[in-house]
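The next block holds one structure in the form of structure tokens; read it before the comments.
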Amino acid sequence: MAGIRAAQKEKTRRALIQAAMNQLSAEHGYASLSLREVAREAGIAPTSFYRHFQNMEELGLTLVDEGGLTLRQLLRQSRQQIAKGGSIIRASVTTFMEFVSNNTAIFRLLLQEKSGNSRDFRLAVTREVEHFTAELVDYLVAEQKFTRELAELQADAIVRIVFSAGADALDADSKEKQRLTEQTISQLRIVARGAEATRLAAKTKE
């Protein structure tokens with residue numbers, strides 16, 4: 001019986017998360033969402049909302065955390081697939097752009113709240129970007145043998161480029177998204193070549 005109740009509670013919690021995502025758009029940021037409207041779309045009474053989240057901010061922070069985790073998992077999978085052959089840059093950029101296309105509301109939320117009014121939101125988004133960057137640094141150190149200092153510089157440049165491209169892709173048509181994807185791949189290859197040249201130059205000085 002307890003298991004059934006827990007499953008039902010989780011189902012309702014997921015319904016609230018999905019309802020909030022459904023209401024996000026370019027015109028309606030998270031701050032404009034109504035608890036009553038979110039609860040109604042989820043099929044529950046507004047008072048029942050508090051059995052799952054303390055307030056709307058906690059629900060929003062959950063969206064940020066889940067969005068960041070999903071993105072990191074997808075990129076991790078794309079890196080693992082590269083072990084079978086292929087371009088890590090192309091695979092990663094393509095995966096990132098697919099995430100933006102399939103999770104427009106979440107990515108828009110990340111962008112909007114990165115400089116939003118809520119300090120908790122800003123910290124949560126910054127934390128997700130830092131997780132994203134840290135995983136990339138670890139990959140560059142472990143798999144491509146960069147020093148941590150050079151890996152951190154390269155990862156920071158990569159993250160800034162791909163997030164900027166993702167923002168540009170939000171309202172783009174399919175043709176423009178493809179152009180942005182190819183442009184981003186070219187930009188990251190330039191960054192990679194620059195990092196490699198810097199590594200070689202440092203070795204020459206030794």
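Residue numbering restarts at 1 in every chain; chains get A, B, ... in the order shown in the structure tokens, and ligands count up from 1 in that same order.
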With a distance cut-off of 12 Å and only C-alpha atoms, select the neighbouring residues of Ile190 of chain A, excluding the residue or stretch itself and same-chain residues fewer than 4 positions from it, and output the selection as a JSON list (two decimals) with N, CA, C and O atoms, in the first residue's frame.
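Below is the file result15.json, written as the result:
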[["chain", "number", "residue", "atom", "x", "y", "z"],
["A", 89, "ILE", "N", 33.81, 16.41, -31.17],
["A", 89, "ILE", "CA", 33.22, 17.75, -31.25],
["A", 89, "ILE", "C", 31.89, 17.71, -31.98],
["A", 89, "ILE", "O", 30.88, 18.24, -31.49],
["A", 154, "GLN", "N", 40.21, 25.73, -21.86],
["A", 154, "GLN", "CA", 39.54, 25.21, -23.05],
["A", 154, "GLN", "C", 38.07, 24.92, -22.76],
["A", 154, "GLN", "O", 37.18, 25.27, -23.55],
["A", 157, "ALA", "N", 35.94, 28.11, -22.58],
["A", 157, "ALA", "CA", 35.66, 28.65, -23.92],
["A", 157, "ALA", "C", 34.58, 27.83, -24.62],
["A", 157, "ALA", "O", 33.65, 28.38, -25.25],
["A", 158, "ILE", "N", 34.67, 26.51, -24.51],
["A", 158, "ILE", "CA", 33.71, 25.62, -25.16],
["A", 158, "ILE", "C", 32.30, 25.85, -24.62],
["A", 158, "ILE", "O", 31.33, 25.98, -25.38],
["A", 161, "ILE", "N", 30.77, 29.12, -25.81],
["A", 161, "ILE", "CA", 30.39, 29.06, -27.23],
["A", 161, "ILE", "C", 29.11, 28.26, -27.43],
["A", 161, "ILE", "O", 28.19, 28.70, -28.13],
["A", 183, "GLN", "N", 28.58, 25.98, -37.65],
["A", 183, "GLN", "CA", 29.41, 27.10, -37.21],
["A", 183, "GLN", "C", 30.03, 26.81, -35.85],
["A", 183, "GLN", "O", 31.23, 27.08, -35.63],
["A", 184, "THR", "N", 29.23, 26.25, -34.95],
["A", 184, "THR", "CA", 29.72, 25.94, -33.60],
["A", 184, "THR", "C", 30.80, 24.86, -33.65],
["A", 184, "THR", "O", 31.81, 24.94, -32.93],
["A", 185, "ILE", "N", 30.60, 23.86, -34.49],
["A", 185, "ILE", "CA", 31.60, 22.81, -34.66],
["A", 185, "ILE", "C", 32.92, 23.41, -35.13],
["A", 185, "ILE", "O", 33.99, 23.10, -34.60],
["A", 186, "SER", "N", 32.85, 24.32, -36.10],
["A", 186, "SER", "CA", 34.06, 24.97, -36.62],
["A", 186, "SER", "C", 34.74, 25.80, -35.52],
["A", 186, "SER", "O", 35.97, 25.79, -35.39],
["A", 194, "GLY", "N", 43.84, 25.58, -31.03],
["A", 194, "GLY", "CA", 44.56, 26.57, -30.24],
["A", 194, "GLY", "C", 45.10, 25.96, -28.94],
["A", 194, "GLY", "O", 46.23, 26.24, -28.54],
["A", 195, "ALA", "N", 44.27, 25.12, -28.31],
["A", 195, "ALA", "CA", 44.71, 24.46, -27.07],
["A", 195, "ALA", "C", 45.88, 23.53, -27.35],
["A", 195, "ALA", "O", 46.85, 23.47, -26.58],
["A", 196, "GLU", "N", 45.81, 22.80, -28.45],
["A", 196, "GLU", "CA", 46.88, 21.87, -28.82],
["A", 196, "GLU", "C", 48.17, 22.64, -29.13],
["A", 196, "GLU", "O", 49.27, 22.24, -28.72],
["A", 197, "ALA", "N", 48.06, 23.76, -29.84],
["A", 197, "ALA", "CA", 49.22, 24.59, -30.16],
["A", 197, "ALA", "C", 49.86, 25.14, -28.89],
["A", 197, "ALA", "O", 51.09, 25.21, -28.76]]
Item checked: segment 46-56 of chain A environment, 12 Å, only C-alpha atoms, sequence neighbours closer than 3 positions dropped, as a PyMOL selection string -> chain A and resi 6+8-17+19-20+30-43+59-63+118+121
Notebook entry, point to check: Restricting the calculation to only C-alpha atoms, which member of A:Arg76, A:Arg189, A:Arg90, A:Arg199 is positioned closest to Phe146 of chain A?
Noted result: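 Of the candidates, the smallest distance to Phe146 of chain A is held by A:Arg199.
One distance worth recording is that between atom CA of Ala169 of chain A and atom CA of Asn102 of chain A, which is 11.7 Å.
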Next item on the list: Point out the residue among A:Leu140, A:Ala172, A:Leu24, A:Ala151 with the least atom-to-atom distance to Phe107 of chain A, counting only C-alpha atoms.
Entry: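 The answer is A:Leu24, which sits nearest to Phe107 of chain A.
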Checklist line | Near-Phe132 of chain A list (9 Å; only C-alpha atoms; drop same-chain fewer than 2 positions) as a list of chain:residue names | finding: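 Selected residues are A:Gly68, A:Leu69, A:Leu71, A:Arg72, A:Arg127, A:Glu128, A:Val129, A:Glu130, A:Ala134, A:Glu135, A:Leu136, A:Val137, A:Val159.
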Suppose we keep all heavy atoms; can you now write the selection as an mmCIF file, in the first residue's frame?
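Saved the output as selection_24.cif:
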data_model
loop_
_atom_site.group_PDB
_atom_site.id
_atom_site.type_symbol
_atom_site.label_atom_id
_atom_site.label_comp_id
_atom_site.auth_asym_id
_atom_site.auth_seq_id
_atom_site.Cartn_x
_atom_site.Cartn_y
_atom_site.Cartn_z
ATOM 1 N N GLY A 68 19.816 20.293 -16.104
ATOM 2 C CA GLY A 68 21.269 20.176 -16.135
ATOM 3 C C GLY A 68 21.725 18.728 -16.111
ATOM 4 O O GLY A 68 22.648 18.337 -16.839
ATOM 5 N N LEU A 69 21.063 17.915 -15.286
ATOM 6 C CA LEU A 69 21.430 16.496 -15.193
ATOM 7 C C LEU A 69 21.171 15.775 -16.515
ATOM 8 O O LEU A 69 22.013 14.994 -16.980
ATOM 9 C CB LEU A 69 20.624 15.827 -14.075
ATOM 10 C CG LEU A 69 20.851 14.322 -13.876
ATOM 11 C CD1 LEU A 69 22.312 14.042 -13.544
ATOM 12 C CD2 LEU A 69 19.934 13.790 -12.780
ATOM 13 N N LEU A 71 21.126 17.040 -19.534
ATOM 14 C CA LEU A 71 22.116 17.476 -20.522
ATOM 15 C C LEU A 71 23.452 16.783 -20.288
ATOM 16 O O LEU A 71 24.081 16.294 -21.235
ATOM 17 C CB LEU A 71 22.288 18.997 -20.458
ATOM 18 C CG LEU A 71 23.358 19.595 -21.384
ATOM 19 C CD1 LEU A 71 23.105 19.214 -22.837
ATOM 20 C CD2 LEU A 71 23.395 21.118 -21.222
ATOM 21 N N ARG A 72 23.896 16.714 -19.042
ATOM 22 C CA ARG A 72 25.181 16.068 -18.754
ATOM 23 C C ARG A 72 25.157 14.583 -19.100
ATOM 24 O O ARG A 72 26.131 14.035 -19.627
ATOM 25 C CB ARG A 72 25.557 16.262 -17.276
ATOM 26 C CG ARG A 72 25.837 17.710 -16.919
ATOM 27 C CD ARG A 72 26.632 17.844 -15.630
ATOM 28 N NE ARG A 72 26.065 17.138 -14.502
ATOM 29 C CZ ARG A 72 25.093 17.609 -13.723
ATOM 30 N NH1 ARG A 72 24.557 18.789 -13.980
ATOM 31 N NH2 ARG A 72 24.652 16.924 -12.689
ATOM 32 N N ARG A 127 25.614 26.675 -10.749
ATOM 33 C CA ARG A 127 26.077 25.351 -10.303
ATOM 34 C C ARG A 127 25.983 24.325 -11.430
ATOM 35 O O ARG A 127 26.892 23.515 -11.622
ATOM 36 C CB ARG A 127 25.262 24.901 -9.097
ATOM 37 C CG ARG A 127 25.730 23.598 -8.458
ATOM 38 C CD ARG A 127 25.049 23.361 -7.132
ATOM 39 N NE ARG A 127 23.607 23.252 -7.267
ATOM 40 C CZ ARG A 127 22.729 24.138 -6.781
ATOM 41 N NH1 ARG A 127 23.156 25.210 -6.151
ATOM 42 N NH2 ARG A 127 21.430 23.964 -6.933
ATOM 43 N N GLU A 128 24.891 24.364 -12.195
ATOM 44 C CA GLU A 128 24.733 23.413 -13.302
ATOM 45 C C GLU A 128 25.784 23.661 -14.390
ATOM 46 O O GLU A 128 26.346 22.715 -14.944
ATOM 47 C CB GLU A 128 23.319 23.516 -13.899
ATOM 48 C CG GLU A 128 22.223 22.994 -12.992
ATOM 49 C CD GLU A 128 22.471 21.566 -12.539
ATOM 50 O OE1 GLU A 128 22.916 20.739 -13.362
ATOM 51 O OE2 GLU A 128 22.236 21.271 -11.363
ATOM 52 N N VAL A 129 26.048 24.925 -14.691
ATOM 53 C CA VAL A 129 27.068 25.255 -15.695
ATOM 54 C C VAL A 129 28.443 24.798 -15.199
ATOM 55 O O VAL A 129 29.261 24.278 -15.970
ATOM 56 C CB VAL A 129 27.075 26.763 -16.002
ATOM 57 C CG1 VAL A 129 28.243 27.125 -16.925
ATOM 58 C CG2 VAL A 129 25.759 27.183 -16.653
ATOM 59 N N GLU A 130 28.689 24.960 -13.906
ATOM 60 C CA GLU A 130 29.964 24.521 -13.341
ATOM 61 C C GLU A 130 30.108 22.994 -13.414
ATOM 62 O O GLU A 130 31.197 22.485 -13.684
ATOM 63 C CB GLU A 130 30.081 24.997 -11.891
ATOM 64 C CG GLU A 130 30.335 26.505 -11.772
ATOM 65 C CD GLU A 130 30.304 26.999 -10.341
ATOM 66 O OE1 GLU A 130 29.862 26.221 -9.445
ATOM 67 O OE2 GLU A 130 30.697 28.158 -10.102
ATOM 68 N N ALA A 134 33.006 21.191 -15.378
ATOM 69 C CA ALA A 134 33.902 20.295 -14.640
ATOM 70 C C ALA A 134 34.010 18.931 -15.313
ATOM 71 O O ALA A 134 35.107 18.346 -15.385
ATOM 72 C CB ALA A 134 33.422 20.141 -13.201
ATOM 73 N N GLU A 135 32.882 18.413 -15.807
ATOM 74 C CA GLU A 135 32.919 17.116 -16.494
ATOM 75 C C GLU A 135 33.760 17.203 -17.764
ATOM 76 O O GLU A 135 34.493 16.278 -18.104
ATOM 77 C CB GLU A 135 31.505 16.644 -16.833
ATOM 78 C CG GLU A 135 30.760 16.116 -15.627
ATOM 79 C CD GLU A 135 29.625 15.176 -15.997
ATOM 80 O OE1 GLU A 135 29.488 14.830 -17.195
ATOM 81 O OE2 GLU A 135 28.884 14.776 -15.091
ATOM 82 N N LEU A 136 33.653 18.329 -18.446
ATOM 83 C CA LEU A 136 34.440 18.530 -19.672
ATOM 84 C C LEU A 136 35.934 18.630 -19.346
ATOM 85 O O LEU A 136 36.777 18.064 -20.051
ATOM 86 C CB LEU A 136 33.959 19.789 -20.391
ATOM 87 C CG LEU A 136 34.607 20.115 -21.741
ATOM 88 C CD1 LEU A 136 34.553 18.929 -22.691
ATOM 89 C CD2 LEU A 136 33.918 21.332 -22.360
ATOM 90 N N VAL A 137 36.262 19.331 -18.262
ATOM 91 C CA VAL A 137 37.660 19.440 -17.826
ATOM 92 C C VAL A 137 38.219 18.043 -17.531
ATOM 93 O O VAL A 137 39.318 17.691 -17.968
ATOM 94 C CB VAL A 137 37.779 20.329 -16.568
ATOM 95 C CG1 VAL A 137 39.176 20.215 -15.953
ATOM 96 C CG2 VAL A 137 37.484 21.784 -16.916
ATOM 97 N N VAL A 159 32.183 25.920 -23.297
ATOM 98 C CA VAL A 159 30.863 26.097 -22.671
ATOM 99 C C VAL A 159 30.243 27.434 -23.077
ATOM 100 O O VAL A 159 29.048 27.514 -23.394
ATOM 101 C CB VAL A 159 30.973 25.982 -21.137
ATOM 102 C CG1 VAL A 159 29.662 26.397 -20.467
ATOM 103 C CG2 VAL A 159 31.325 24.545 -20.745
#
Checklist line | Surrounding residues of Phe96 of chain A excluding itself and chain neighbours under 2 positions, 9 Å, only C-alpha atoms, as a list in words | finding: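 So, after excluding close chain neighbours, the residues are Leu71, Leu74, Leu75, Ala91, Ser92, Val93, Thr94, Glu98, Phe99, Val100, Ser101, Val162, Phe163 and Gly166 of chain A.
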Notebook entry, point to check: Mind pulling up the distance from atom CA of Asp156 of chain A to atom CA of Val64 of chain A?
Noted result: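 The value is 20.0 Å.
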Contact residues around segment 111-114 of chain A with only C-alpha atoms at 8 Å, ignoring same-chain residues under 3 positions, as a PDB file with all heavy atoms, in the first residue's frame:
ATOM      1  N   GLY A  29       8.123  33.868 -18.790  1.00  0.00           N
ATOM      2  CA  GLY A  29       9.220  33.327 -18.009  1.00  0.00           C
ATOM      3  C   GLY A  29       8.703  32.652 -16.758  1.00  0.00           C
ATOM      4  O   GLY A  29       7.507  32.707 -16.443  1.00  0.00           O
ATOM      5  N   PHE A 107      15.886  24.833 -21.404  1.00  0.00           N
ATOM      6  CA  PHE A 107      17.065  25.615 -21.782  1.00  0.00           C
ATOM      7  C   PHE A 107      16.760  27.104 -21.678  1.00  0.00           C
ATOM      8  O   PHE A 107      17.602  27.888 -21.233  1.00  0.00           O
ATOM      9  CB  PHE A 107      17.529  25.255 -23.190  1.00  0.00           C
ATOM     10  CG  PHE A 107      18.880  25.833 -23.533  1.00  0.00           C
ATOM     11  CD1 PHE A 107      20.024  25.343 -22.922  1.00  0.00           C
ATOM     12  CD2 PHE A 107      19.011  26.870 -24.429  1.00  0.00           C
ATOM     13  CE1 PHE A 107      21.279  25.876 -23.211  1.00  0.00           C
ATOM     14  CE2 PHE A 107      20.258  27.416 -24.729  1.00  0.00           C
ATOM     15  CZ  PHE A 107      21.388  26.918 -24.117  1.00  0.00           C
ATOM     16  N   ARG A 108      15.555  27.487 -22.060  1.00  0.00           N
ATOM     17  CA  ARG A 108      15.174  28.904 -21.943  1.00  0.00           C
ATOM     18  C   ARG A 108      15.183  29.318 -20.474  1.00  0.00           C
ATOM     19  O   ARG A 108      15.610  30.433 -20.123  1.00  0.00           O
ATOM     20  CB  ARG A 108      13.785  29.125 -22.553  1.00  0.00           C
ATOM     21  CG  ARG A 108      13.501  30.578 -22.903  1.00  0.00           C
ATOM     22  CD  ARG A 108      12.099  30.757 -23.434  1.00  0.00           C
ATOM     23  NE  ARG A 108      11.859  30.047 -24.666  1.00  0.00           N
ATOM     24  CZ  ARG A 108      12.197  30.488 -25.871  1.00  0.00           C
ATOM     25  NH1 ARG A 108      12.843  31.632 -25.978  1.00  0.00           N
ATOM     26  NH2 ARG A 108      11.919  29.797 -26.947  1.00  0.00           N
ATOM     27  N   ASN A 117      16.125  37.555 -11.128  1.00  0.00           N
ATOM     28  CA  ASN A 117      16.050  38.274  -9.853  1.00  0.00           C
ATOM     29  C   ASN A 117      16.283  37.383  -8.637  1.00  0.00           C
ATOM     30  O   ASN A 117      16.668  37.867  -7.573  1.00  0.00           O
ATOM     31  CB  ASN A 117      14.673  38.953  -9.717  1.00  0.00           C
ATOM     32  CG  ASN A 117      14.472  40.050 -10.739  1.00  0.00           C
ATOM     33  OD1 ASN A 117      15.414  40.737 -11.097  1.00  0.00           O
ATOM     34  ND2 ASN A 117      13.241  40.214 -11.211  1.00  0.00           N
ATOM     35  N   SER A 118      16.039  36.085  -8.791  1.00  0.00           N
ATOM     36  CA  SER A 118      16.168  35.174  -7.655  1.00  0.00           C
ATOM     37  C   SER A 118      17.618  34.719  -7.478  1.00  0.00           C
ATOM     38  O   SER A 118      18.212  34.127  -8.376  1.00  0.00           O
ATOM     39  CB  SER A 118      15.274  33.944  -7.851  1.00  0.00           C
ATOM     40  OG  SER A 118      15.614  32.929  -6.929  1.00  0.00           O
ATOM     41  N   PHE A 121      17.936  30.935  -7.773  1.00  0.00           N
ATOM     42  CA  PHE A 121      17.914  30.501  -9.170  1.00  0.00           C
ATOM     43  C   PHE A 121      19.273  30.746  -9.828  1.00  0.00           C
ATOM     44  O   PHE A 121      19.804  29.884 -10.526  1.00  0.00           O
ATOM     45  CB  PHE A 121      16.839  31.244  -9.960  1.00  0.00           C
ATOM     46  CG  PHE A 121      15.525  30.506 -10.046  1.00  0.00           C
ATOM     47  CD1 PHE A 121      14.370  31.028  -9.497  1.00  0.00           C
ATOM     48  CD2 PHE A 121      15.446  29.282 -10.690  1.00  0.00           C
ATOM     49  CE1 PHE A 121      13.166  30.349  -9.580  1.00  0.00           C
ATOM     50  CE2 PHE A 121      14.247  28.593 -10.786  1.00  0.00           C
ATOM     51  CZ  PHE A 121      13.103  29.127 -10.223  1.00  0.00           C
ATOM     52  N   ARG A 122      19.817  31.929  -9.615  1.00  0.00           N
ATOM     53  CA  ARG A 122      21.111  32.260 -10.233  1.00  0.00           C
ATOM     54  C   ARG A 122      22.190  31.288  -9.778  1.00  0.00           C
ATOM     55  O   ARG A 122      22.993  30.810 -10.585  1.00  0.00           O
ATOM     56  CB  ARG A 122      21.522  33.705  -9.896  1.00  0.00           C
ATOM     57  CG  ARG A 122      20.643  34.779 -10.519  1.00  0.00           C
ATOM     58  CD  ARG A 122      21.324  36.141 -10.480  1.00  0.00           C
ATOM     59  NE  ARG A 122      21.721  36.547  -9.147  1.00  0.00           N
ATOM     60  CZ  ARG A 122      20.937  37.191  -8.279  1.00  0.00           C
ATOM     61  NH1 ARG A 122      19.683  37.498  -8.629  1.00  0.00           N
ATOM     62  NH2 ARG A 122      21.373  37.533  -7.091  1.00  0.00           N
ATOM     63  N   LEU A 123      22.197  30.986  -8.488  1.00  0.00           N
ATOM     64  CA  LEU A 123      23.188  30.046  -7.953  1.00  0.00           C
ATOM     65  C   LEU A 123      22.981  28.645  -8.513  1.00  0.00           C
ATOM     66  O   LEU A 123      23.952  27.938  -8.808  1.00  0.00           O
ATOM     67  CB  LEU A 123      23.104  30.019  -6.416  1.00  0.00           C
ATOM     68  CG  LEU A 123      23.580  31.277  -5.691  1.00  0.00           C
ATOM     69  CD1 LEU A 123      23.329  31.162  -4.187  1.00  0.00           C
ATOM     70  CD2 LEU A 123      25.064  31.529  -5.950  1.00  0.00           C
ATOM     71  N   VAL A 125      21.614  27.782 -11.440  1.00  0.00           N
ATOM     72  CA  VAL A 125      22.035  27.734 -12.845  1.00  0.00           C
ATOM     73  C   VAL A 125      23.557  27.761 -12.935  1.00  0.00           C
ATOM     74  O   VAL A 125      24.160  26.998 -13.697  1.00  0.00           O
ATOM     75  CB  VAL A 125      21.430  28.913 -13.639  1.00  0.00           C
ATOM     76  CG1 VAL A 125      21.991  28.932 -15.058  1.00  0.00           C
ATOM     77  CG2 VAL A 125      19.901  28.799 -13.680  1.00  0.00           C
ATOM     78  N   THR A 126      24.181  28.620 -12.138  1.00  0.00           N
ATOM     79  CA  THR A 126      25.646  28.670 -12.123  1.00  0.00           C
ATOM     80  C   THR A 126      26.230  27.322 -11.730  1.00  0.00           C
ATOM     81  O   THR A 126      27.220  26.860 -12.320  1.00  0.00           O
ATOM     82  CB  THR A 126      26.126  29.757 -11.131  1.00  0.00           C
ATOM     83  OG1 THR A 126      25.657  31.035 -11.571  1.00  0.00           O
ATOM     84  CG2 THR A 126      27.652  29.781 -11.045  1.00  0.00           C
ATOM     85  N   ALA A 167      21.388  29.463 -27.325  1.00  0.00           N
ATOM     86  CA  ALA A 167      20.469  30.596 -27.189  1.00  0.00           C
ATOM     87  C   ALA A 167      20.007  31.080 -28.559  1.00  0.00           C
ATOM     88  O   ALA A 167      18.819  31.376 -28.770  1.00  0.00           O
ATOM     89  CB  ALA A 167      21.151  31.730 -26.428  1.00  0.00           C
TER      90      ALA A 167
END
Checklist line | Nearest residue to Leu170 of chain A from the set A:Arg79, A:Asn22, A:Asp65, A:Thr104 (distances using only C-alpha atoms) | finding: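 For Leu170 of chain A, the nearest of the given residues is A:Thr104.
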